[in-house]
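One file, coords.txt, carrying compact mmCIF, C-alpha atoms:
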```
# COMPACT_ATOMS: atom_id res chain seq x y z
CA MET A 1 9.52 13.27 -22.23
CA LYS A 2 7.38 14.03 -19.20
CA ASP A 3 8.47 12.26 -16.02
CA LEU A 4 6.16 10.08 -13.98
CA LYS A 5 5.67 12.21 -10.87
CA ILE A 6 5.62 10.54 -7.45
CA ALA A 7 4.71 12.17 -4.12
CA TRP A 8 6.34 10.43 -1.14
CA LEU A 9 4.39 11.43 1.96
CA PHE A 10 6.36 12.22 5.12
CA PRO A 11 9.39 9.95 4.56
CA ASP A 12 11.06 11.15 7.77
CA THR A 13 7.94 10.55 9.90
CA LEU A 14 6.33 7.52 8.21
CA TYR A 15 9.46 5.41 7.98
CA LEU A 16 8.75 1.92 9.36
CA HIS A 17 9.71 -1.43 7.81
CA GLY A 18 12.14 -0.27 5.12
CA GLU A 19 9.38 0.96 2.80
CA ARG A 20 11.87 3.13 0.89
CA GLY A 21 12.30 -0.07 -1.10
CA ASN A 22 8.87 0.50 -2.64
CA ILE A 23 10.01 3.86 -4.02
CA LEU A 24 13.11 2.20 -5.49
CA ALA A 25 10.94 -0.52 -7.04
CA LEU A 26 8.67 2.06 -8.68
CA GLN A 27 11.71 3.88 -10.09
CA ARG A 28 13.30 0.66 -11.34
CA ILE A 29 10.23 -0.77 -13.06
CA ALA A 30 9.34 2.61 -14.58
CA LYS A 31 12.86 2.90 -16.04
CA LEU A 32 12.69 -0.62 -17.48
CA LYS A 33 9.41 0.37 -19.12
CA GLY A 34 10.99 3.47 -20.64
CA LEU A 35 9.95 6.17 -18.15
CA GLU A 36 11.92 8.51 -15.93
CA THR A 37 10.51 9.38 -12.52
CA SER A 38 10.65 12.48 -10.38
CA ILE A 39 10.03 12.12 -6.66
CA ASP A 40 8.95 14.89 -4.29
CA ARG A 41 9.31 14.30 -0.57
CA ILE A 42 6.18 15.87 0.94
CA ASP A 43 6.76 17.00 4.51
CA PHE A 44 5.55 19.59 7.01
CA ASP A 45 7.50 22.39 5.33
CA THR A 46 6.17 21.60 1.82
CA GLU A 47 4.19 24.56 0.51
CA ASN A 48 1.35 24.45 -2.03
CA PHE A 49 1.10 20.66 -2.09
CA ASN A 50 -1.55 19.66 -4.63
CA PRO A 51 -2.24 15.91 -4.98
CA MET A 52 -3.44 16.38 -8.56
CA ASP A 53 0.09 17.43 -9.59
CA TYR A 54 1.20 13.80 -9.16
CA ASP A 55 0.74 10.48 -10.94
CA ILE A 56 1.46 8.27 -7.91
CA ILE A 57 1.11 9.10 -4.21
CA PHE A 58 2.96 6.82 -1.78
CA CYS A 59 2.05 6.78 1.92
CA PRO A 60 4.36 4.46 3.92
CA PRO A 61 3.65 3.09 7.41
CA GLY A 62 4.42 4.99 10.58
CA GLU A 63 3.83 5.05 14.32
CA ILE A 64 0.19 5.76 15.18
CA VAL A 65 1.30 8.31 17.79
CA SER A 66 2.58 10.52 14.97
CA PHE A 67 -0.67 10.47 12.98
CA PRO A 68 -2.48 13.47 14.55
CA VAL A 69 0.25 15.88 13.48
CA VAL A 70 0.42 14.33 10.01
CA LEU A 71 -3.36 14.66 9.71
CA GLU A 72 -3.15 18.32 10.71
CA TYR A 73 -1.14 18.86 7.51
CA LEU A 74 -3.20 16.54 5.29
CA LYS A 75 -6.78 17.41 6.30
CA PRO A 76 -6.96 20.66 4.29
CA GLN A 77 -6.28 18.46 1.25
CA ALA A 78 -9.02 15.90 2.01
CA ASP A 79 -11.25 17.02 -0.87
CA ALA A 80 -8.26 17.15 -3.21
CA PHE A 81 -7.36 13.58 -2.26
CA LYS A 82 -10.94 12.48 -2.96
CA ALA A 83 -10.81 14.12 -6.39
CA TYR A 84 -7.42 12.52 -7.03
CA ILE A 85 -8.76 9.05 -6.25
CA GLU A 86 -11.99 9.57 -8.18
CA SER A 87 -9.95 10.57 -11.23
CA GLY A 88 -8.40 7.10 -11.25
CA LYS A 89 -4.89 8.11 -10.29
CA VAL A 90 -2.69 5.77 -8.26
CA LEU A 91 -2.31 5.97 -4.48
CA LEU A 92 -0.58 3.39 -2.30
CA ALA A 93 -1.04 3.47 1.50
CA ILE A 94 0.64 0.71 3.48
CA GLY A 95 0.43 -0.88 6.92
CA THR A 96 -0.51 1.32 9.85
CA SER A 97 -0.84 4.37 7.61
CA MET A 98 -4.08 2.96 6.24
CA ALA A 99 -5.48 4.47 9.45
CA LEU A 100 -4.78 8.00 8.19
CA TRP A 101 -7.38 7.49 5.46
CA CYS A 102 -10.09 6.01 7.72
CA LYS A 103 -12.96 8.01 9.19
CA ASP A 104 -11.97 7.26 12.78
CA VAL A 105 -8.88 5.97 14.62
CA GLN A 106 -9.41 4.33 18.01
CA ARG A 107 -6.33 4.02 20.21
CA ALA A 108 -5.72 1.13 22.60
CA ASP A 109 -5.77 3.57 25.54
CA GLY A 110 -9.40 4.50 24.77
CA SER A 111 -8.67 7.81 23.04
CA SER A 112 -9.59 8.45 19.42
CA PHE A 113 -9.18 10.97 16.59
CA GLU A 114 -10.66 11.54 13.16
CA GLY A 115 -8.86 10.46 10.02
CA LEU A 116 -9.23 11.86 6.51
CA GLY A 117 -12.49 9.96 5.97
CA ILE A 118 -11.50 8.72 2.51
CA LEU A 119 -12.18 5.14 3.62
CA ASP A 120 -15.53 4.35 5.22
CA ALA A 121 -13.67 2.34 7.84
CA VAL A 122 -12.57 2.45 11.47
CA ALA A 123 -9.00 1.72 12.51
CA LYS A 124 -8.83 0.11 15.94
CA GLU A 125 -5.39 -0.18 17.52
CA ASN A 126 -4.62 -3.64 18.87
CA ASP A 127 -3.44 -4.31 22.41
CA ALA A 128 -1.01 -6.90 21.05
CA VAL A 129 0.96 -6.71 17.82
CA TYR A 130 0.50 -9.54 15.33
CA GLY A 131 3.19 -10.45 12.80
CA ASP A 132 3.19 -13.16 10.13
CA ASP A 133 3.25 -13.77 6.40
CA VAL A 134 0.34 -12.56 4.28
CA TYR A 135 -0.60 -14.13 0.95
CA PHE A 136 -3.58 -13.15 -1.20
CA ARG A 137 -5.05 -12.84 -4.67
CA CYS A 138 -6.09 -9.49 -6.08
CA LYS A 139 -7.11 -7.79 -9.30
CA TYR A 140 -5.48 -4.50 -10.19
CA GLY A 141 -5.67 -2.74 -13.52
CA SER A 142 -6.00 -5.44 -16.14
CA LYS A 143 -4.25 -8.19 -14.19
CA GLU A 144 -5.15 -10.76 -11.58
CA VAL A 145 -2.08 -11.48 -9.48
CA GLU A 146 -0.97 -13.21 -6.30
CA VAL A 147 0.86 -11.12 -3.71
CA LEU A 148 3.03 -12.36 -0.87
CA GLY A 149 4.59 -10.29 1.88
CA ASN A 150 4.62 -9.71 5.61
CA GLN A 151 2.15 -8.13 7.97
CA ILE A 152 2.64 -6.47 11.34
CA GLN A 153 -0.89 -5.73 12.42
CA MET A 154 -0.85 -2.88 14.91
CA ALA A 155 -4.52 -2.12 14.19
CA ASP A 156 -7.63 -3.79 12.80
CA PHE A 157 -9.42 -2.08 9.92
CA ILE A 158 -13.16 -2.54 10.35
CA CYS A 159 -15.53 -1.96 7.45
CA ASP A 160 -18.60 -3.70 6.03
CA VAL A 161 -19.00 -1.72 2.79
CA GLN A 162 -15.57 -0.88 1.37
CA PRO A 163 -14.32 -3.16 -1.46
CA ALA A 164 -11.32 -5.28 -0.45
CA PHE A 165 -8.01 -5.04 -2.29
CA GLY A 166 -7.44 -8.79 -2.06
CA GLN A 167 -8.85 -12.09 -0.86
CA LEU A 168 -6.64 -13.87 1.66
CA ILE A 169 -5.12 -17.25 1.01
CA TYR A 170 -3.07 -17.09 4.22
CA GLY A 171 -2.65 -14.52 6.96
CA TYR A 172 -4.51 -12.05 9.13
CA GLY A 173 -5.74 -9.38 6.71
CA ASN A 174 -7.91 -6.53 7.98
CA THR A 175 -9.33 -8.06 11.15
CA GLY A 176 -8.27 -11.71 11.37
CA LYS A 177 -11.96 -12.64 11.20
CA ASP A 178 -12.64 -12.74 7.45
CA ARG A 179 -10.73 -13.14 4.18
CA GLN A 180 -10.41 -9.45 3.30
CA GLU A 181 -7.03 -7.85 2.72
CA GLY A 182 -6.91 -4.07 2.51
CA PHE A 183 -9.20 -1.86 0.44
CA LEU A 184 -9.36 -0.70 -3.17
CA LEU A 185 -10.90 2.61 -4.26
CA GLU A 186 -10.66 3.09 -8.02
CA ASN A 187 -6.87 2.71 -8.46
CA ALA A 188 -5.99 3.60 -4.86
CA ILE A 189 -4.55 0.67 -2.90
CA PHE A 190 -4.73 0.44 0.89
CA THR A 191 -2.93 -2.69 2.09
CA ASN A 192 -1.51 -4.31 5.22
CA THR A 193 1.31 -5.83 3.16
CA LEU A 194 4.87 -4.96 4.09
CA GLY A 195 7.99 -6.42 2.61
CA PRO A 196 8.48 -4.02 0.82
CA MET A 197 5.73 -5.51 -1.31
CA LEU A 198 6.65 -3.81 -4.60
CA VAL A 199 10.16 -5.30 -4.54
CA THR A 200 9.00 -8.86 -3.97
CA ASN A 201 5.94 -8.66 -6.23
CA PRO A 202 7.18 -6.91 -9.40
CA TRP A 203 4.16 -8.12 -11.40
CA LEU A 204 2.02 -5.83 -9.24
CA THR A 205 4.56 -3.01 -9.48
CA GLU A 206 4.52 -3.22 -13.28
CA GLU A 207 0.74 -2.96 -13.32
CA ILE A 208 0.83 0.06 -10.98
CA ILE A 209 3.27 1.77 -13.35
CA THR A 210 1.07 0.80 -16.32
CA VAL A 211 -2.06 2.29 -14.73
CA ALA A 212 -0.26 5.47 -13.64
CA ALA A 213 1.29 5.95 -17.07
CA GLU A 214 -2.05 5.49 -18.82
CA LYS A 215 -3.69 8.11 -16.61
CA ALA A 216 -0.78 10.48 -17.29
CA GLY A 217 -0.89 9.93 -21.04
CA LEU A 218 2.59 8.39 -21.09
CA VAL A 219 3.61 5.55 -23.41
CA LEU A 220 5.48 2.52 -22.07
CA ASN A 221 7.75 0.33 -24.11
CA ASP A 222 6.62 -3.27 -24.65
CA GLU A 223 9.75 -4.86 -23.17
CA GLU A 224 8.91 -7.98 -21.19
CA LEU A 225 10.44 -7.84 -17.75
CA ASP A 226 12.62 -10.67 -16.48
CA VAL A 227 11.14 -11.53 -13.07
CA SER A 228 12.33 -15.14 -13.00
CA LEU A 229 14.35 -14.62 -9.80
CA GLU A 230 11.34 -13.10 -8.03
CA GLN A 231 9.12 -15.91 -9.31
CA GLU A 232 11.50 -18.52 -7.88
CA SER A 233 11.59 -16.70 -4.55
CA PHE A 234 7.79 -16.40 -4.57
CA ALA A 235 7.42 -20.14 -5.22
CA ALA A 236 9.79 -21.00 -2.37
CA LYS A 237 7.94 -18.74 0.09
CA LYS A 238 4.62 -20.11 -1.10
CA ARG A 239 5.78 -23.67 -0.39
CA TYR A 240 6.89 -22.59 3.08
CA ILE A 241 3.52 -20.98 3.81
CA GLU A 242 1.63 -24.02 2.55
CA GLY A 243 3.76 -26.23 4.80
CA LYS A 244 3.22 -23.94 7.76
CA GLU A 245 -0.54 -23.96 7.21
CA SER A 246 -0.51 -27.75 6.97
CA ARG A 247 1.41 -28.05 10.26
CA LEU A 248 -1.06 -25.69 11.97
CA THR A 249 -4.00 -27.71 10.66
CA ASN A 250 -2.49 -30.93 11.96
CA CYS A 251 -1.98 -29.40 15.41
CA ARG A 252 -5.64 -28.42 15.78
```

Do you think you could lay out the structure here as structure tokens?
Amino acid sequence: MKDLKIAWLFPDTLYLHGERGNILALQRIAKLKGLETSIDRIDFDTENFNPMDYDIIFCPPGEIVSFPVVLEYLKPQADAFKAYIESGKVLLAIGTSMALWCKDVQRADGSSFEGLGILDAVAKENDAVYGDDVYFRCKYGSKEVEVLGNQIQMADFICDVQPAFGQLIYGYGNTGKDRQEGFLLENAIFTNTLGPMLVTNPWLTEEIITVAAEKAGLVLNDEELDVSLEQESFAAKKRYIEGKESRLTNCR
């Protein structure tokens, strides 16, 4: 059987917040659904990288200072990434690394550089770093789900035209000024959510695997996953967030 092929972009450069857990979650859920996975670590010495060779591309968060050199490698593949996304294949870009896919990145020191231009958005680095829970509803594939994680907002993502990935119930989201969380292009997810989000929200992970497998022509088994532990954890965190929001409201 053909493996589900995953490209892991710059794991030694984009390494913040323990996002290796998302790779492990993809492997685990795929295996439970009857698929093996193969993972290629794409780095500066990778030759002949072609996005279309993969079923899932994972872009974890990194330090903004490292982005220009990462972009130097990725920019020759900008058109290939556009074709990849337009074909409906799965891409997941998380946290600060959403900035790589924007048209422009503005640093807090007043300097700026161009991103890949896949997102019609501007990333603006914040002077202060914001951290809190993030909780939102989204639709992905055939499912509407709730997602809960953490957010460390080193930059705002400013855009008036790009579809949002989710609608905030609690948290900061893209700018802290509206209810938008991340962006969604076809089946490409760009999200502020850390956690790692695919470990704590396996219902979303399963749908990502389902979409990727369908695009690859792979058949999943119909085994129902036992996510009762994650559901209990989700419910407990949800109660905490609701209590926190209530306390904040009462203090205003």

With 12 Å as the cut-off and all atoms listed in the file counted, what is the closest atom pair between each nearby residue of segment 139-187 of chain A and segment 195-212 of chain A? Distances in Å to one decimal, ordered by chain and number, as a tab-separated table.
```
residue	atom	partner	partner_atom	distance
A:Lys139	CA	A:Leu204	CA	9.3
A:Tyr140	CA	A:Glu207	CA	7.1
A:Gly141	CA	A:Val211	CA	6.3
A:Ser142	CA	A:Glu207	CA	7.7
A:Lys143	CA	A:Glu207	CA	7.3
A:Glu144	CA	A:Leu204	CA	9.0
A:Val145	CA	A:Leu204	CA	7.0
A:Glu146	CA	A:Asn201	CA	8.3
A:Val147	CA	A:Asn201	CA	6.2
A:Leu148	CA	A:Asn201	CA	7.1
A:Gly149	CA	A:Gly195	CA	5.2
A:Asn150	CA	A:Gly195	CA	5.6
A:Gln151	CA	A:Gly195	CA	8.1
A:Ile152	CA	A:Gly195	CA	10.2
A:Glu186	CA	A:Val211	CA	10.9
A:Asn187	CA	A:Val211	CA	7.9
```

**Q.** Shell of 12 Å around Ser87 of chain A, all atoms listed in the file, local chain residues under 6 positions omitted, as a PyMOL selection string
**A.** chain A and resi 51-52+54-55+80-81+185-188+211-212+215-216

Q) Suppose you want the space between atom CA of Ile56 of chain A and atom CA of Asp132 of chain A; what is it in Å? A) 28.1 Å

Q.
Under the rule that all atoms listed in the file are counted, which of A:Ala213, A:Phe183, A:Phe157, A:Ala93 is the nearest residue to Thr37 of chain A?
A. A:Ala213

**Q.** Top pick for closest residue to Glu19 of chain A, considering A:Phe44, A:Phe49, A:Phe58, A:Phe190 and counting all atoms listed in the file
**A.**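 Once distances to Glu19 of chain A are computed over all atoms listed in the file, the minimum belongs to A:Phe58.
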
Around all the atoms of segment 145-164 of chain A listed in the file, with 4 Å of room on each side, what axis-aligned box do you get, giving centre and edge lengths in Å to one decimal, as AutoDock Vina command-line options?
```
--center_x -7.2 --center_y -7.0 --center_z 2.7 --size_x 31.6 --size_y 20.3 --size_z 32.4
```

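Using all atoms listed in the file for every distance, the candidate list A:Glu125, A:Glu181, A:Glu86, A:Glu36 yields A:Glu181 as the residue closest to Phe165 of chain A.
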
(Q) Nearest residue to Ala30 of chain A out of A:Leu100, A:Ile241, A:Leu14, A:Glu223, using all atoms listed in the file? (A) A:Glu223

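For the pair atom CA of Cys159 of chain A and atom CA of Gly117 of chain A, the separation is 12.4 Å.
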
**Q.** Pick from A:Ala164, A:Leu220, A:Gly171, A:Ile189 nearest to Lys31 of chain A, counting all atoms listed in the file
**A.**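 Distance minimum relative to Lys31 of chain A lands on A:Leu220.
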
Q) So what do you get for atom CA of Cys59 of chain A versus atom CA of Lys82 of chain A, distance-wise? A)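 Between atom CA of Cys59 of chain A and atom CA of Lys82 of chain A the gap is 15.0 Å.
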
(Q) If we count all atoms listed in the file and set the cut-off at 12 Å, which residues sit around Lys75 of chain A, ignoring sequence neighbours fewer than 2 positions away in its own chain? Please answer as a ChimeraX atom specification. (A) /A:49,67-73,77-82,100-103,114-118

Q) With only C-alpha atoms as the basis for distance, which of A:Lys2, A:Gly18, A:Pro11, A:Leu32 is at the shortest distance from Asp226 of chain A? A) A:Leu32

Kindly add all heavy atoms to the incomplete segment 225-236 of chain A and provide the output as a CSV table (one decimal), in the frame of the given file.
```
chain,number,residue,atom,x,y,z
A,225,LEU,N,9.5,-7.8,-18.9
A,225,LEU,CA,10.4,-7.8,-17.8
A,225,LEU,C,10.9,-9.2,-17.4
A,225,LEU,O,10.0,-10.2,-17.4
A,225,LEU,CB,9.8,-7.1,-16.5
A,225,LEU,CG,9.3,-5.7,-16.7
A,225,LEU,CD1,8.8,-5.2,-15.4
A,225,LEU,CD2,10.4,-4.8,-17.3
A,226,ASP,N,12.1,-9.4,-17.0
A,226,ASP,CA,12.6,-10.7,-16.5
A,226,ASP,C,12.4,-10.7,-15.0
A,226,ASP,O,13.2,-10.0,-14.2
A,226,ASP,CB,14.1,-10.8,-16.8
A,226,ASP,CG,14.7,-12.2,-16.3
A,226,ASP,OD1,13.9,-13.0,-15.8
A,226,ASP,OD2,15.9,-12.4,-16.4
A,227,VAL,N,11.4,-11.4,-14.5
A,227,VAL,CA,11.1,-11.5,-13.1
A,227,VAL,C,11.3,-13.0,-12.6
A,227,VAL,O,10.7,-13.4,-11.6
A,227,VAL,CB,9.7,-11.0,-12.7
A,227,VAL,CG1,9.6,-9.5,-13.0
A,227,VAL,CG2,8.7,-11.8,-13.5
A,228,SER,N,12.2,-13.7,-13.3
A,228,SER,CA,12.3,-15.1,-13.0
A,228,SER,C,12.9,-15.4,-11.6
A,228,SER,O,12.4,-16.3,-10.9
A,228,SER,CB,13.3,-15.8,-14.0
A,228,SER,OG,14.5,-15.1,-14.1
A,229,LEU,N,13.8,-14.5,-11.2
A,229,LEU,CA,14.4,-14.6,-9.8
A,229,LEU,C,13.3,-14.4,-8.8
A,229,LEU,O,13.1,-15.2,-7.8
A,229,LEU,CB,15.5,-13.6,-9.6
A,229,LEU,CG,16.1,-13.6,-8.2
A,229,LEU,CD1,16.8,-15.0,-8.0
A,229,LEU,CD2,17.2,-12.5,-8.1
A,230,GLU,N,12.4,-13.4,-9.0
A,230,GLU,CA,11.3,-13.1,-8.0
A,230,GLU,C,10.3,-14.2,-8.1
A,230,GLU,O,9.7,-14.6,-7.0
A,230,GLU,CB,10.7,-11.8,-8.4
A,230,GLU,CG,11.5,-10.5,-8.1
A,230,GLU,CD,12.5,-10.2,-9.2
A,230,GLU,OE1,12.6,-11.0,-10.2
A,230,GLU,OE2,13.3,-9.2,-9.0
A,231,GLN,N,10.1,-14.8,-9.2
A,231,GLN,CA,9.1,-15.9,-9.3
A,231,GLN,C,9.6,-17.1,-8.6
A,231,GLN,O,8.8,-17.8,-7.9
A,231,GLN,CB,8.9,-16.3,-10.8
A,231,GLN,CG,8.0,-15.2,-11.5
A,231,GLN,CD,8.0,-15.5,-13.0
A,231,GLN,OE1,8.9,-16.1,-13.6
A,231,GLN,NE2,6.9,-15.0,-13.6
A,232,GLU,N,10.9,-17.4,-8.6
A,232,GLU,CA,11.5,-18.5,-7.9
A,232,GLU,C,11.4,-18.3,-6.4
A,232,GLU,O,11.1,-19.2,-5.6
A,232,GLU,CB,13.0,-18.7,-8.3
A,232,GLU,CG,13.1,-19.3,-9.7
A,232,GLU,CD,14.6,-19.4,-10.1
A,232,GLU,OE1,15.4,-19.3,-9.2
A,232,GLU,OE2,14.9,-19.6,-11.3
A,233,SER,N,11.7,-17.0,-6.0
A,233,SER,CA,11.6,-16.7,-4.6
A,233,SER,C,10.2,-16.8,-4.1
A,233,SER,O,9.9,-17.3,-3.0
A,233,SER,CB,12.1,-15.3,-4.3
A,233,SER,OG,11.9,-14.9,-3.0
A,234,PHE,N,9.2,-16.3,-4.9
A,234,PHE,CA,7.8,-16.4,-4.6
A,234,PHE,C,7.4,-17.9,-4.4
A,234,PHE,O,6.7,-18.2,-3.4
A,234,PHE,CB,7.0,-15.7,-5.7
A,234,PHE,CG,5.5,-15.6,-5.4
A,234,PHE,CD1,5.0,-14.4,-4.8
A,234,PHE,CD2,4.6,-16.7,-5.6
A,234,PHE,CE1,3.7,-14.3,-4.6
A,234,PHE,CE2,3.3,-16.5,-5.3
A,234,PHE,CZ,2.8,-15.3,-4.8
A,235,ALA,N,7.8,-18.7,-5.3
A,235,ALA,CA,7.4,-20.1,-5.2
A,235,ALA,C,8.0,-20.8,-4.0
A,235,ALA,O,7.3,-21.6,-3.3
A,235,ALA,CB,7.9,-20.9,-6.5
A,236,ALA,N,9.2,-20.4,-3.6
A,236,ALA,CA,9.8,-21.0,-2.4
A,236,ALA,C,9.0,-20.6,-1.1
A,236,ALA,O,8.7,-21.4,-0.2
A,236,ALA,CB,11.3,-20.6,-2.3
```
